[in-house]
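Student: Have a look at this one.
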Amino acid sequence: MICTNMSQKCRIAILSLLAITICAGFSRNSITGTNEQPKPIHQLRIYEIFDGNKKAFHDRFRDHAMRIMARYDFKIIATWETKKGERTEFVYLLEWPDKEAMRDRWSKFMADQEWSDIKKETGRVHGQLVGEIEDRTLELTDYSPRKSLAR
């Protein structure tokens, strides 16, 4: 079969794409021979918030933080408010594909200029909105009834 330069370039491109597609289809699990699907990780965030400016905190989180987090593919599963003694806490749960994605997205979010400006302005108007922050990375056990909480 005689190939022209153009068709030869096309064949090389098609073969390259096919090789990339095949390689991308192999997950770490298929290489190791296991059938186990990658497990997402979850992140539990607990913020101390203050009763005197609690509404301002919730307004900022709902109207700004969640919107900006969505830009960076944050998957917020649920949010809660709770009391621990005299302390009011805001708690939320995130789901990530892996730790690297979690670190990368947080880095991008914290460097976001709009978020930085919003924090400065709400702090100027309402004072400190968040006290102590607790952060826990949760890794699923192999017997967890649900592997993913996100829809």
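Scheme for the structure tokens: letters A, B, ... for chains in order shown; per-chain residue numbers from 1; ligand numbers from 1 in order shown.
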Please identify the helix (DSSP H, G or I) residues within segment 54-140 of chain A (assignment by DSSP from backbone atoms) and present them as a PyMOL selection string.
Tutor: chain A and resi 54-71+99-110+113-126
Student: Apply DSSP to the structure's backbone, then extract all residues of segment 15-149 of chain A labelled strand (DSSP E or B) and return them as number ranges by chain.
Tutor: A: 41-49, 75-84, 87-96, 130-139
Student: Emit the selected residues as a PDB file, in the first residue's frame, including C-alpha atoms.
Tutor:
ATOM      1  CA  ILE A  41     -11.424  11.085  50.177  1.00  0.00           C
ATOM      2  CA  HIS A  42     -13.530  13.375  52.305  1.00  0.00           C
ATOM      3  CA  GLN A  43     -12.544  16.465  54.173  1.00  0.00           C
ATOM      4  CA  LEU A  44     -14.268  17.608  57.341  1.00  0.00           C
ATOM      5  CA  ARG A  45     -13.920  21.321  58.108  1.00  0.00           C
ATOM      6  CA  ILE A  46     -15.012  22.782  61.452  1.00  0.00           C
ATOM      7  CA  TYR A  47     -15.011  26.545  61.944  1.00  0.00           C
ATOM      8  CA  GLU A  48     -15.567  28.320  65.208  1.00  0.00           C
ATOM      9  CA  ILE A  49     -18.027  31.125  64.454  1.00  0.00           C
ATOM     10  CA  LYS A  75     -17.736  19.243  45.989  1.00  0.00           C
ATOM     11  CA  ILE A  76     -19.490  20.372  49.135  1.00  0.00           C
ATOM     12  CA  ILE A  77     -21.598  17.447  50.379  1.00  0.00           C
ATOM     13  CA  ALA A  78     -23.351  19.125  53.307  1.00  0.00           C
ATOM     14  CA  THR A  79     -23.098  22.018  55.779  1.00  0.00           C
ATOM     15  CA  TRP A  80     -24.197  22.146  59.410  1.00  0.00           C
ATOM     16  CA  GLU A  81     -24.238  24.441  62.384  1.00  0.00           C
ATOM     17  CA  THR A  82     -23.689  22.943  65.831  1.00  0.00           C
ATOM     18  CA  LYS A  83     -23.017  23.956  69.410  1.00  0.00           C
ATOM     19  CA  LYS A  84     -20.173  22.543  71.486  1.00  0.00           C
ATOM     20  CA  ARG A  87     -18.984  27.504  71.187  1.00  0.00           C
ATOM     21  CA  THR A  88     -20.927  27.774  67.901  1.00  0.00           C
ATOM     22  CA  GLU A  89     -19.432  25.812  65.039  1.00  0.00           C
ATOM     23  CA  PHE A  90     -19.993  25.690  61.305  1.00  0.00           C
ATOM     24  CA  VAL A  91     -19.180  22.266  59.892  1.00  0.00           C
ATOM     25  CA  TYR A  92     -19.003  21.143  56.305  1.00  0.00           C
ATOM     26  CA  LEU A  93     -17.991  18.038  54.416  1.00  0.00           C
ATOM     27  CA  LEU A  94     -16.197  17.977  51.069  1.00  0.00           C
ATOM     28  CA  GLU A  95     -15.457  15.123  48.678  1.00  0.00           C
ATOM     29  CA  TRP A  96     -12.274  14.959  46.592  1.00  0.00           C
ATOM     30  CA  VAL A 130     -13.964  32.763  61.982  1.00  0.00           C
ATOM     31  CA  GLY A 131     -11.974  31.668  65.001  1.00  0.00           C
ATOM     32  CA  GLU A 132     -10.286  28.300  65.262  1.00  0.00           C
ATOM     33  CA  ILE A 133     -10.412  26.033  62.198  1.00  0.00           C
ATOM     34  CA  GLU A 134     -10.167  22.257  62.369  1.00  0.00           C
ATOM     35  CA  ASP A 135      -9.435  20.279  59.222  1.00  0.00           C
ATOM     36  CA  ARG A 136      -9.588  16.488  58.952  1.00  0.00           C
ATOM     37  CA  THR A 137      -8.949  14.320  55.920  1.00  0.00           C
ATOM     38  CA  LEU A 138     -11.154  11.232  56.037  1.00  0.00           C
ATOM     39  CA  GLU A 139     -10.184   8.080  54.164  1.00  0.00           C
TER      40      GLU A 139
END
Student: What separation in Å, quoted to one decimal, exists between atom CA of Lys54 of chain A and atom CA of Thr122 of chain A?
Tutor: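 Separating atom CA of Lys54 of chain A from atom CA of Thr122 of chain A is a distance of 12.0 Å.
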Student: Could you give me, as a list of chain:residue names, the residues within 7 Å of Phe57 of chain A, counting only C-alpha atoms and dropping anything in the same chain fewer than 4 positions from it?
Tutor: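 Counting only C-alpha atoms, the residues come to A:Asn53, A:Phe61, A:Leu129.
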Student: Hey, which of A:Lys99, A:Arg124, A:Lys55, A:Arg71 ends up closest to Lys39 of chain A? Count only C-alpha atoms.
Tutor: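 Closest residue, counting only C-alpha atoms: A:Lys99.
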Student: Which distance in Å separates atom CA of Asp98 of chain A and atom CA of Pro38 of chain A, to one decimal?
Tutor: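 These atoms are spaced 8.7 Å apart.
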Student: Let me make sure I understand: among A:Thr141, A:Gly85, A:Arg146, A:Tyr72, which one has the smallest atom-to-atom distance to Met110 of chain A if we use only C-alpha atoms?
Tutor: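 Closest to Met110 of chain A of all the choices is A:Tyr72.
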